[in-house]
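**Student:** One structure is given below, represented as structure tokens, and several questions about it will come after.
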Protein chains: 2
Amino acid sequence: MKHEIPYKIYLSENELPTTWYNVRADMKNKPAPLLNPATMQPITAADLAPVFCDELIKQELDDNTPYFEIPEEIRDFYKMYRPSPLVRAYCLEEKLKTPAKIYYKFEGNNTSGSHKLNSAIAQAYYAKKQGLRGVTTETGAGQWGTALSMACAYLGLDCRVYMVKCSYEQKPFRREVMRTYGASVTPSPSETTSVGRKILAEFPGTTGSLGCAISEAVEAATSTEGYRYVLGSVLNQVLLHQSIIGIEAKTALDKYDVKPDIIIGCAGGGSNLGGLISPFMREKLRGEADYRFIAVEPASCPSFTRGRFAYDFCDTGMICPMAKMYTLGSGFIPSSIHAGGLRYHGMSSILSQLYDDGLMEARSVKQTEVFEAAEMFARVEGILPAPESSHAIRAAIDEALLCRETGEEKTILFGLTGTGYFDMKAYEQYNDGKMTDYIPTDEDLARGFASLPKM
Amino acid sequence: MKHEIPYKIYLSENELPTTWYNVRADMKNKPAPLLNPATMQPITAADLAPVFCDELIKQELDDNTPYFEIPEEIRDFYKMYRPSPLVRAYCLEEKLKTPAKIYYKFEGNNTSGSHKLNSAIAQAYYAKKQGLRGVTTETGAGQWGTALSMACAYLGLDCRVYMVKCSYEQKPFRREVMRTYGASVTPSPSETTSVGRKILAEFPGTTGSLGCAISEAVEAATSTEGYRYVLGSVLNQVLLHQSIIGIEAKTALDKYDVKPDIIIGCAGGGSNLGGLISPFMREKLRGEADYRFIAVEPASCPSFTRGRFAYDFCDTGMICPMAKMYTLGSGFIPSSIHAGGLRYHGMSSILSQLYDDGLMEARSVKQTEVFEAAEMFARVEGILPAPESSHAIRAAIDEALLCRETGEEKTILFGLTGTGYFDMKAYEQYNDGKMTDYIPTDEDLARGFASLPKM
């Protein structure tokens with residue numbers, strides 16, 4: 001085969017972006033402010049200071065500054081695994097016999113196995129710069145915890161991870177990666193926090209949830225001298241850091257004069273999708289270009305497609321600020337049948353606003369269809385994708401198959417957020433034909449909505 | 001930090017090598033020929049035809065042709081994950097406070113997680129071209145089996161893997177990766193072959209060995225219409241394919257006028273080391289340049305440093321051709337305490353000859369020291385290395401520390417063959433302080449040597 005565009009487009013190190021892009025600066029309708037749950041008033045920097053690092057609070061609350069410089073120390077760290085490759089999926093195109101041109105931005109080429117590292121190093125850096133001793137966080141599937149432990153090991157910062165108990169037990173290898181990077185890993189709920197003890201007393205056999213682990217990590221940070229809490233998704237600051245994905249992708253495509261028609265990303269809390277689309281969304285917001293953006297979420301946890309746009313708690317313990325977002329309610333519990341990540345009840349406020357404004361589409365997909373796409377992709381493209389990323393693969397394949405029907409030569413870009421090496425239990429289920437689908441009933445959803453705060 | 005040489009040197013796709021290099025062509029003392037165990041005569045292409053693909057037999061037996069063209073189809077596959085990055089280990093250098101300059105060629109950037117894919121695709125390609133239906137092989141830790149299953153999935157070839165039983169049980173996730181790529185995986189010894197049944201009858205509780213799995217895979221290939229056997233290391237053809245590692249590394253270094261003083265690789269069967277050093281060894285053999293080459297092997301399986309240079313069986317069942325190599329005897333059984341791969345009793349004939357001719361050094365390292373190096377490397381360089389690769393890391397660190405003492409600014413190149421994502425059980429052992437070392441006694445070795453054939 002002869003191709004003008006290479007299989008992989010690598011930018012050189014001196015093309016590594018020097019700034020992150022803050023999409024809020026170009027949004028006409030800004031995302032609604034976080035509320036202080038005690039006062040129900042927009043949260044202030046002072047309110048947040050016990051929880052987050054000062055510099056990150058500035059980034060969190062700044063709706064107007066379009067570009068933030070990436071400190072040189074962070075850029076040095078990025079150079080260990082960035083710029084990440086933009087891949088032309090020639091083999092997938094051939095397999096699908098589609099006239100569509102498919103590209104993916106691959107963020108799994110690092111030991112954390114996902115894009116989470118982009119924000120982990122930024123958050124750890126600002127904590128270190130503030131003279132803190134350590135950070136706390138929660139992790140579900142383990143990608144964020146792994147990323148944070150890598151960043152902290154690099155900077156010599158203590159890292160305490162609350163890992164959802166069922167993951168702690170089912171994913172011992174993830175836990176060991178974090179320990180190898182020197183992090184302490186506590187199964188949540190635990191006896192180490194009052195919110196953990198309360199939940200354990202109420203539900204003795206519980207295997208935990210992300211919302212509960214967040215509550216524990218926040219409590220651990222605010223009650224320990226020299227510690228702050230950091231979070232791997234949802235927040236504005238995280239989308240800011242993740243904009244590096246989109247900026248690199250756009251730079252690489254621009255080099256070859258390629259303009260995507262459709263941009264697709266999986267959406268749990270929204271960090272990858274928000275980062276990937278940001279520089280393209282900038283052009284759309286400014287009327288300079290048009291793109292279709294598609295958020296892909298699991299049918300079992302459909303925040304965008306079946307959720308409500310409302311203020312909600314970010315955590316089960318209701319100690320975090322409240323955010324206006326598409327949500328299923330903090331009391332919504334995704335079925336344990338669902339193997340594929342993206343289990344968070346809410347969604348980034350930025351993406352929620354863009355979606356509500358009609359600037360973005362969303363769709364949900366069933367996990368058996370997701371793993372079918374994952375397996376096909378693995379076999380032809382050679383990368384075993386994370387279940388989360390495979391939601392985007394599914395949608396990209398569906399769009400490419402549509403092009404086969406219509407004959408349209410659309411250009412599709414999707415985010416391949418990570419690899420699935422620590423998800424082989426789910427692949428085993430699929431390989432054994434034992435994977436089933438779960439779609440919440442209206443009653444299931446009603447129970448979640450009942451947990452929404454009365455405003 | 002400002003660096004002239006980037007963290008990662010990526011060659012472009014059109015710099016991907018177009019030929020493999022056959023180091024035998026430049027060796028004055030050729031490696032001793034394989035022997036037919038039935039006749040004790042040098043093996044012929046006809047002898048090998050039932051076992052190996054025709055084109056691979058040609059490559060195996062050709063001691064004189066220096067370059068073999070890489071078919072375009074294989075090059076297309078290579079483009080999915082090659083050229084692989086050559087990394088300047090700035091962070092490791094800083095950590096070690098060494099004046100040495102350290103580079104590593106990273107071969108773990110693909111789903112098989114190691115360099116094995118370089119030969120897997122070549123062997124699968126020639127099988128496909130010959131019109132075969134499938135291939136059989138054995139796998140120990142699982143890297144080779146994974147690589148082969150990926151190559152076969154890509155080409156639509158059936159893949160049957162005999163996996164050493166203890167690995168099959170201890171590494172279910174490796175097994176699932178192979179299944180995801182459509183391979184069938186059988187724990188060895190099994191009831192599916194006569195050699196397997198014989199071993200099971202003799203040792204009912206055995207958890208298998210690499211030598212036994214080889215015997216089963218060879219029997220399965222030779223007794224099934226349209227199948228051949230393929231092997232991931234040791235053989236001349238494998239070193240030929242793996243020369244792409246060294247050729248790329250040398251091209252990248254030449255671009256920046258960097259000449260390594262010391263080149264280090266881990267050595268189990270020798271495929272990575274042989275591939276990495278080949279273009280440099282060419283210059284040494286031709287008197288054009290000098291380099292120090294260091295093979296690093298585990299203290300628990302010290303083929304080079306404590307073995308004998310003799311004809312030996314390659315497999316337990318003694319059905320494969322015999323090779324002259326540094327060996328501990330096919331009856332040598334590495335301790336189950338040893339977690340870190342590289343457990344094969346023998347060594348590539350090519351490397352054995354080079355070592356015997358004094359063109360290469362060898363040293364052995366203890367596994368606790370290997371994991372100490374692995375953890376340090378993971379924390380500063382951000383890549384969680386495979387235990388096998390970490391043998392090379394250990395030696396590279398030791399050489400760099402020596403430079404710190406002497407003040408010499410040596411340039412060190414080592415092969416980082418793969419990632420350790422499927423080896424977290426071993427890391428857990430190390431993290432828990434439960435890893436111990438094992439060094440075979442002279443009596444242990446004598447038992448192995450007793451299994452050497454009488455010539």
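Following the order of the structure tokens, chains are lettered A, B, ..., residues in each are numbered from 1, and ligands are numbered from 1.
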Give me, as a list of chain:residue names, the residues of region 308-435 of chain A that a backbone DSSP run labels strand (DSSP E or B).
**Tutor:**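 The residues of region 308-435 of chain A classed as strand (DSSP E or B) are A:Arg308, A:Phe309, A:Ala310, A:Tyr311, A:Asp312, A:Phe313, A:Met322, A:Ala323, A:Lys324, A:Met325, A:Tyr326, A:Thr327, A:Glu361, A:Ala362, A:Arg363, A:Ser364, A:Val365, A:Pro385, A:Thr411, A:Ile412, A:Leu413, A:Phe414, A:Gly415, A:Leu416, A:Gly418, A:Thr419.
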**Student:** Would you save the residues of that selection, restricted to N, CA and C atoms, as a short mmCIF file (atom, residue, chain, number, x, y, z; two decimals), in the first residue's frame?
**Tutor:**
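Okay, result_16.cif is ready:
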data_model
loop_
_atom_site.label_atom_id
_atom_site.label_comp_id
_atom_site.auth_asym_id
_atom_site.auth_seq_id
_atom_site.Cartn_x
_atom_site.Cartn_y
_atom_site.Cartn_z
N ARG A 308 -30.94 14.64 33.44
CA ARG A 308 -31.55 15.97 33.54
C ARG A 308 -30.46 17.01 33.69
N PHE A 309 -30.70 18.20 33.17
CA PHE A 309 -29.75 19.29 33.29
C PHE A 309 -30.11 20.08 34.54
N ALA A 310 -29.40 19.83 35.61
CA ALA A 310 -29.80 20.38 36.91
C ALA A 310 -28.59 20.47 37.84
N TYR A 311 -28.71 21.25 38.87
CA TYR A 311 -27.68 21.26 39.92
C TYR A 311 -27.74 19.94 40.67
N ASP A 312 -26.57 19.38 40.93
CA ASP A 312 -26.53 18.09 41.64
C ASP A 312 -25.25 18.00 42.46
N PHE A 313 -25.27 17.08 43.38
CA PHE A 313 -24.07 16.78 44.15
C PHE A 313 -23.09 15.99 43.28
N MET A 322 -21.62 21.82 44.53
CA MET A 322 -22.64 21.32 43.62
C MET A 322 -22.41 21.88 42.22
N ALA A 323 -22.69 21.08 41.21
CA ALA A 323 -22.46 21.52 39.84
C ALA A 323 -23.73 21.39 39.03
N LYS A 324 -23.95 22.35 38.11
CA LYS A 324 -25.07 22.21 37.18
C LYS A 324 -24.58 21.38 35.99
N MET A 325 -25.24 20.26 35.79
CA MET A 325 -24.74 19.33 34.78
C MET A 325 -25.86 18.38 34.36
N TYR A 326 -25.63 17.68 33.27
CA TYR A 326 -26.52 16.57 32.94
C TYR A 326 -26.20 15.46 33.92
N THR A 327 -27.22 14.97 34.61
CA THR A 327 -26.99 14.02 35.68
C THR A 327 -28.15 13.04 35.83
N GLU A 361 -23.73 16.65 19.93
CA GLU A 361 -24.72 15.58 20.00
C GLU A 361 -24.30 14.56 21.07
N ALA A 362 -25.20 13.65 21.39
CA ALA A 362 -24.84 12.56 22.29
C ALA A 362 -25.61 11.32 21.89
N ARG A 363 -25.00 10.17 22.12
CA ARG A 363 -25.71 8.92 21.90
C ARG A 363 -25.23 7.90 22.91
N SER A 364 -26.05 6.89 23.13
CA SER A 364 -25.63 5.85 24.06
C SER A 364 -25.49 4.53 23.30
N VAL A 365 -24.59 3.69 23.78
CA VAL A 365 -24.35 2.40 23.12
C VAL A 365 -24.31 1.29 24.18
N PRO A 385 -8.03 -1.94 22.95
CA PRO A 385 -8.51 -0.68 23.54
C PRO A 385 -9.17 -0.86 24.91
N THR A 411 -14.61 12.55 6.91
CA THR A 411 -13.42 12.39 7.74
C THR A 411 -13.85 12.34 9.21
N ILE A 412 -13.49 11.25 9.85
CA ILE A 412 -13.90 11.02 11.23
C ILE A 412 -12.67 11.03 12.13
N LEU A 413 -12.75 11.78 13.20
CA LEU A 413 -11.67 11.78 14.20
C LEU A 413 -12.26 11.30 15.51
N PHE A 414 -11.61 10.31 16.13
CA PHE A 414 -12.09 9.95 17.46
C PHE A 414 -10.94 9.83 18.45
N GLY A 415 -11.29 9.91 19.73
CA GLY A 415 -10.29 9.82 20.79
C GLY A 415 -10.15 8.38 21.27
N LEU A 416 -8.95 7.82 21.10
CA LEU A 416 -8.67 6.50 21.67
C LEU A 416 -7.95 6.77 22.99
N GLY A 418 -7.36 5.10 25.74
CA GLY A 418 -6.45 4.24 26.48
C GLY A 418 -6.50 2.79 26.09
N THR A 419 -5.66 2.01 26.77
CA THR A 419 -5.53 0.59 26.48
C THR A 419 -6.27 -0.24 27.53
#
**Student:** Please, which residues of chain A lie no more than 9 Å from chain B when the count uses only C-alpha atoms, and can they be set out as a VMD selection string?
**Tutor:** chain A and resid 1 6 to 10 12 to 14 72 to 73 76 79 to 81 87 109 to 112 150 to 151 153 to 154 172 to 174 176 to 177 179 to 182 375 to 376 378 to 384 419 421 to 425 427 to 428 430 to 431
**Student:** Dump N, CA and C atoms for the selected residues as a short mmCIF file (atom, residue, chain, number, x, y, z; two decimals), in the first residue's frame?
**Tutor:**
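Result written to result.cif:
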data_model
loop_
_atom_site.label_atom_id
_atom_site.label_comp_id
_atom_site.auth_asym_id
_atom_site.auth_seq_id
_atom_site.Cartn_x
_atom_site.Cartn_y
_atom_site.Cartn_z
N MET A 1 0.83 -1.20 0.00
CA MET A 1 0.00 0.00 0.00
C MET A 1 0.86 1.25 0.00
N PRO A 6 0.92 9.35 6.52
CA PRO A 6 1.48 8.17 7.19
C PRO A 6 0.47 7.50 8.12
N TYR A 7 0.80 6.29 8.52
CA TYR A 7 -0.04 5.59 9.50
C TYR A 7 -0.14 6.39 10.79
N LYS A 8 1.01 6.90 11.19
CA LYS A 8 1.03 7.65 12.44
C LYS A 8 1.65 9.02 12.18
N ILE A 9 0.95 10.05 12.60
CA ILE A 9 1.52 11.39 12.50
C ILE A 9 2.06 11.76 13.88
N TYR A 10 3.39 11.90 13.96
CA TYR A 10 4.02 12.33 15.20
C TYR A 10 4.44 13.78 15.05
N SER A 12 6.86 16.78 16.42
CA SER A 12 8.15 16.77 17.10
C SER A 12 7.99 17.42 18.48
N GLU A 13 9.00 17.23 19.32
CA GLU A 13 8.91 17.77 20.67
C GLU A 13 8.77 19.28 20.70
N ASN A 14 9.38 19.95 19.72
CA ASN A 14 9.23 21.41 19.76
C ASN A 14 7.88 21.87 19.19
N GLU A 72 7.14 24.95 32.23
CA GLU A 72 8.19 24.17 31.58
C GLU A 72 8.37 22.80 32.23
N GLU A 73 8.24 22.73 33.56
CA GLU A 73 8.40 21.46 34.26
C GLU A 73 7.35 20.45 33.80
N ASP A 76 8.29 19.29 30.34
CA ASP A 76 9.35 18.27 30.39
C ASP A 76 8.76 16.89 30.67
N LYS A 79 7.02 15.44 27.73
CA LYS A 79 7.91 14.92 26.68
C LYS A 79 8.23 13.45 26.84
N MET A 80 7.98 12.91 28.04
CA MET A 80 8.21 11.48 28.21
C MET A 80 7.21 10.65 27.40
N TYR A 81 6.05 11.22 27.09
CA TYR A 81 5.06 10.42 26.35
C TYR A 81 4.28 11.23 25.32
N VAL A 87 -3.26 8.70 14.62
CA VAL A 87 -3.15 7.53 13.75
C VAL A 87 -4.22 7.55 12.67
N ASN A 109 -0.41 5.49 25.10
CA ASN A 109 1.01 5.16 25.01
C ASN A 109 1.83 5.57 26.22
N ASN A 110 1.32 5.31 27.39
CA ASN A 110 2.09 5.58 28.61
C ASN A 110 1.63 4.58 29.65
N THR A 111 2.43 4.43 30.71
CA THR A 111 2.15 3.36 31.67
C THR A 111 0.81 3.50 32.37
N SER A 112 0.33 4.73 32.57
CA SER A 112 -1.00 4.87 33.18
C SER A 112 -2.06 4.34 32.23
N MET A 150 1.90 8.04 39.23
CA MET A 150 3.08 8.28 38.39
C MET A 150 3.57 9.72 38.51
N ALA A 151 2.62 10.65 38.44
CA ALA A 151 2.98 12.06 38.51
C ALA A 151 3.61 12.39 39.86
N ALA A 153 5.13 10.30 41.95
CA ALA A 153 6.44 9.66 42.07
C ALA A 153 7.50 10.52 41.40
N TYR A 154 7.15 11.08 40.25
CA TYR A 154 8.08 11.90 39.49
C TYR A 154 8.47 13.15 40.27
N PRO A 172 -6.46 -6.25 41.28
CA PRO A 172 -5.28 -6.17 42.14
C PRO A 172 -4.05 -5.67 41.39
N PHE A 173 -4.03 -5.85 40.07
CA PHE A 173 -2.84 -5.46 39.31
C PHE A 173 -2.75 -3.95 39.16
N ARG A 174 -3.91 -3.31 38.98
CA ARG A 174 -3.94 -1.85 38.96
C ARG A 174 -3.39 -1.31 40.28
N GLU A 176 -1.37 -2.73 42.24
CA GLU A 176 0.08 -2.93 42.35
C GLU A 176 0.86 -1.93 41.51
N VAL A 177 0.30 -1.51 40.39
CA VAL A 177 0.98 -0.47 39.62
C VAL A 177 1.08 0.79 40.48
N ARG A 179 1.05 1.02 43.71
CA ARG A 179 2.01 0.79 44.81
C ARG A 179 3.45 0.84 44.28
N THR A 180 3.65 0.31 43.07
CA THR A 180 5.00 0.36 42.50
C THR A 180 5.45 1.80 42.33
N TYR A 181 4.49 2.69 42.09
CA TYR A 181 4.83 4.11 41.99
C TYR A 181 4.77 4.80 43.36
N GLY A 182 4.68 4.00 44.41
CA GLY A 182 4.83 4.55 45.75
C GLY A 182 3.57 5.12 46.39
N GLU A 375 -13.09 -5.57 19.82
CA GLU A 375 -12.36 -6.74 19.33
C GLU A 375 -11.98 -6.56 17.86
N MET A 376 -12.92 -6.04 17.08
CA MET A 376 -12.59 -5.81 15.67
C MET A 376 -11.43 -4.83 15.55
N ALA A 378 -9.10 -4.13 17.77
CA ALA A 378 -7.85 -4.74 18.25
C ALA A 378 -7.23 -5.59 17.15
N ARG A 379 -8.06 -6.35 16.46
CA ARG A 379 -7.52 -7.28 15.47
C ARG A 379 -6.96 -6.58 14.24
N VAL A 380 -7.59 -5.50 13.83
CA VAL A 380 -7.08 -4.85 12.61
C VAL A 380 -6.09 -3.72 12.89
N GLU A 381 -6.26 -3.03 13.99
CA GLU A 381 -5.37 -1.89 14.27
C GLU A 381 -4.26 -2.24 15.25
N GLY A 382 -4.37 -3.43 15.87
CA GLY A 382 -3.25 -3.89 16.70
C GLY A 382 -3.20 -3.32 18.10
N ILE A 383 -4.15 -2.50 18.46
CA ILE A 383 -4.16 -1.93 19.83
C ILE A 383 -5.38 -2.47 20.56
N LEU A 384 -5.16 -3.06 21.71
CA LEU A 384 -6.26 -3.56 22.53
C LEU A 384 -6.83 -2.39 23.32
N THR A 419 -5.66 2.01 26.77
CA THR A 419 -5.53 0.59 26.48
C THR A 419 -6.27 -0.24 27.53
N TYR A 421 -5.36 -3.27 28.94
CA TYR A 421 -4.58 -4.37 29.52
C TYR A 421 -5.06 -4.78 30.91
N PHE A 422 -5.68 -3.85 31.63
CA PHE A 422 -6.14 -4.18 32.98
C PHE A 422 -7.64 -4.46 33.00
N ASP A 423 -8.20 -4.67 31.83
CA ASP A 423 -9.64 -4.92 31.72
C ASP A 423 -9.94 -6.29 31.13
N MET A 424 -8.99 -7.21 31.29
CA MET A 424 -9.14 -8.49 30.60
C MET A 424 -10.26 -9.34 31.20
N LYS A 425 -10.66 -9.05 32.43
CA LYS A 425 -11.81 -9.74 33.01
C LYS A 425 -13.05 -9.48 32.16
N TYR A 427 -13.04 -8.53 28.98
CA TYR A 427 -12.84 -9.20 27.68
C TYR A 427 -13.12 -10.69 27.81
N GLU A 428 -12.71 -11.28 28.94
CA GLU A 428 -12.95 -12.71 29.16
C GLU A 428 -14.45 -12.99 29.12
N TYR A 430 -16.67 -11.29 27.62
CA TYR A 430 -17.12 -11.17 26.23
C TYR A 430 -16.69 -12.38 25.41
N ASN A 431 -15.43 -12.80 25.57
CA ASN A 431 -14.92 -13.96 24.82
C ASN A 431 -15.71 -15.23 25.15
#
**Student:** What is the distance, in Å and to one decimal place, between CA of Lys284 (chain A) and CA of Glu405 (chain A)?
**Tutor:**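 Interatomic distance, CA of Lys284 (chain A) to CA of Glu405 (chain A): 27.7 Å.
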**Student:** Point out the residue among A:Gln237, A:Pro204, A:Gln143, A:Asp158 with the least atom-to-atom distance to Asp54 (chain A), counting only C-alpha atoms.
**Tutor:** A:Gln237
**Student:** Quick check, in Å to one decimal: how far apart do CA of Ala141 (chain B) and CA of Val230 (chain B) lie?
**Tutor:** 16.4 Å
**Student:** Which residue, A:Gln59, A:Thr417, A:Asn36, A:Ser349, has the smallest gap to Leu86 (chain A) when you use only C-alpha atoms?
**Tutor:**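 Closest to Leu86 (chain A), using only C-alpha atoms: A:Thr417.
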**Student:** I'd like the neighbourhood of Gly232 (chain B) as a list in words, where a residue qualifies if any of its atoms comes within 8 Å (using only C-alpha atoms), though same-chain residues fewer than 2 positions away should be ignored.
**Tutor:** Lys116, Ser119, Ala120, Trp144, Val230, Val234, Leu235, Val238 and Ser271 of chain B
**Student:** Would you put the residues from that selection into a file with all heavy atoms, as a tab-separated table (two decimals), in the first residue's frame?
**Tutor:**
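Generated file (out.tsv):
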chain	number	residue	atom	x	y	z
B	116	LYS	N	8.64	-9.10	20.44
B	116	LYS	CA	8.34	-10.39	19.80
B	116	LYS	C	7.52	-10.23	18.52
B	116	LYS	O	7.58	-11.05	17.61
B	116	LYS	CB	7.57	-11.29	20.79
B	116	LYS	CG	8.36	-11.61	22.06
B	116	LYS	CD	9.23	-12.83	21.88
B	116	LYS	CE	10.03	-13.13	23.14
B	116	LYS	NZ	10.86	-14.31	23.04
B	119	SER	N	9.14	-10.53	14.88
B	119	SER	CA	9.33	-11.81	14.22
B	119	SER	C	8.01	-12.54	14.00
B	119	SER	O	7.84	-13.27	13.03
B	119	SER	CB	10.29	-12.70	15.02
B	119	SER	OG	10.57	-13.89	14.32
B	120	ALA	N	7.05	-12.32	14.89
B	120	ALA	CA	5.75	-12.98	14.75
B	120	ALA	C	5.11	-12.66	13.41
B	120	ALA	O	4.62	-13.55	12.71
B	120	ALA	CB	4.83	-12.56	15.89
B	144	TRP	N	5.27	-13.95	23.57
B	144	TRP	CA	5.38	-14.47	22.22
B	144	TRP	C	4.01	-14.95	21.70
B	144	TRP	O	3.64	-14.65	20.56
B	144	TRP	CB	6.40	-15.61	22.18
B	144	TRP	CG	6.35	-16.40	20.90
B	144	TRP	CD1	5.97	-17.71	20.76
B	144	TRP	CD2	6.64	-15.94	19.57
B	144	TRP	NE1	6.03	-18.09	19.45
B	144	TRP	CE2	6.43	-17.01	18.69
B	144	TRP	CE3	7.05	-14.70	19.05
B	144	TRP	CZ2	6.63	-16.92	17.32
B	144	TRP	CZ3	7.24	-14.60	17.67
B	144	TRP	CH2	7.03	-15.70	16.83
B	230	VAL	N	6.13	-22.40	14.68
B	230	VAL	CA	6.93	-21.18	14.71
B	230	VAL	C	7.45	-20.95	16.11
B	230	VAL	O	6.85	-21.41	17.09
B	230	VAL	CB	6.13	-19.94	14.23
B	230	VAL	CG1	5.72	-20.08	12.78
B	230	VAL	CG2	4.90	-19.72	15.10
B	234	VAL	N	15.72	-17.77	19.96
B	234	VAL	CA	16.79	-18.76	19.77
B	234	VAL	C	17.23	-18.93	18.32
B	234	VAL	O	18.41	-18.87	18.00
B	234	VAL	CB	16.40	-20.15	20.37
B	234	VAL	CG1	17.55	-21.13	20.21
B	234	VAL	CG2	16.00	-20.03	21.83
B	235	LEU	N	16.28	-19.13	17.40
B	235	LEU	CA	16.61	-19.47	16.02
B	235	LEU	C	17.28	-18.31	15.27
B	235	LEU	O	17.06	-17.14	15.57
B	235	LEU	CB	15.34	-19.87	15.25
B	235	LEU	CG	14.65	-21.15	15.75
B	235	LEU	CD1	13.37	-21.39	14.95
B	235	LEU	CD2	15.58	-22.36	15.62
B	238	VAL	N	14.90	-15.79	13.71
B	238	VAL	CA	14.31	-14.83	14.65
B	238	VAL	C	15.27	-13.67	14.87
B	238	VAL	O	14.88	-12.50	14.87
B	238	VAL	CB	13.95	-15.51	15.98
B	238	VAL	CG1	13.35	-14.50	16.95
B	238	VAL	CG2	12.99	-16.66	15.76
B	271	SER	N	16.87	-13.33	21.34
B	271	SER	CA	16.33	-12.66	20.14
B	271	SER	C	16.46	-11.15	20.22
B	271	SER	O	16.82	-10.48	19.25
B	271	SER	CB	14.89	-13.06	19.91
B	271	SER	OG	14.02	-12.49	20.87
**Student:** Can you check which residues of region 212-298 of chain B DSSP gives as alpha helix (DSSP H) on the backbone and send them as a compact mmCIF listing (two decimals) with C-alpha atoms, in the first residue's frame?
**Tutor:**
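Once written, part_29.txt looks like this:
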# COMPACT_ATOMS: atom_id res chain seq x y z
CA CYS B 212 7.64 -29.46 27.06
CA ALA B 213 5.34 -26.91 25.44
CA ILE B 214 7.73 -26.70 22.49
CA SER B 215 7.53 -30.47 22.03
CA GLU B 216 3.74 -30.34 22.05
CA ALA B 217 3.54 -27.46 19.60
CA VAL B 218 5.95 -29.16 17.19
CA GLU B 219 3.96 -32.40 17.34
CA ALA B 220 0.70 -30.53 16.79
CA ALA B 221 2.15 -28.79 13.72
CA THR B 222 3.69 -31.86 12.13
CA ASN B 236 18.74 -17.68 13.43
CA GLN B 237 15.66 -16.53 11.52
CA VAL B 238 14.31 -14.83 14.65
CA LEU B 239 17.54 -12.91 15.19
CA LEU B 240 17.38 -11.93 11.54
CA HIS B 241 13.90 -10.43 11.93
CA GLN B 242 14.84 -8.76 15.20
CA SER B 243 17.75 -6.99 13.52
CA ILE B 244 15.21 -4.27 12.76
CA ILE B 245 15.61 -3.16 16.39
CA GLY B 246 19.30 -2.53 16.01
CA ILE B 247 19.08 -1.06 12.53
CA GLU B 248 16.51 1.51 13.65
CA ALA B 249 18.48 2.27 16.80
CA LYS B 250 21.67 2.82 14.83
CA THR B 251 19.93 5.01 12.24
CA ALA B 252 18.47 7.17 15.00
CA LEU B 253 21.81 7.52 16.80
CA ASP B 254 23.67 8.23 13.57
CA LYS B 255 21.31 11.13 12.94
CA SER B 271 16.33 -12.66 20.14
CA ASN B 272 16.26 -9.13 21.49
CA LEU B 273 19.95 -8.91 22.24
CA GLY B 274 20.87 -10.44 18.91
CA GLY B 275 18.61 -8.02 17.07
CA LEU B 276 19.76 -4.97 18.97
CA ILE B 277 23.48 -5.54 18.55
CA SER B 278 23.48 -6.83 14.97
CA PRO B 279 24.38 -3.69 12.96
CA PHE B 280 26.90 -2.65 15.61
CA MET B 281 28.40 -6.15 15.67
CA ARG B 282 28.70 -5.88 11.91
CA GLU B 283 31.05 -2.93 12.31
CA LYS B 284 33.00 -4.72 15.03
CA LEU B 285 33.33 -7.89 12.94
**Student:** Could you please determine the separation between CA of Thr186 (chain B) and CA of Thr436 (chain A) in Å, to one decimal place?
**Tutor:**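 Interatomic distance here is 26.5 Å.
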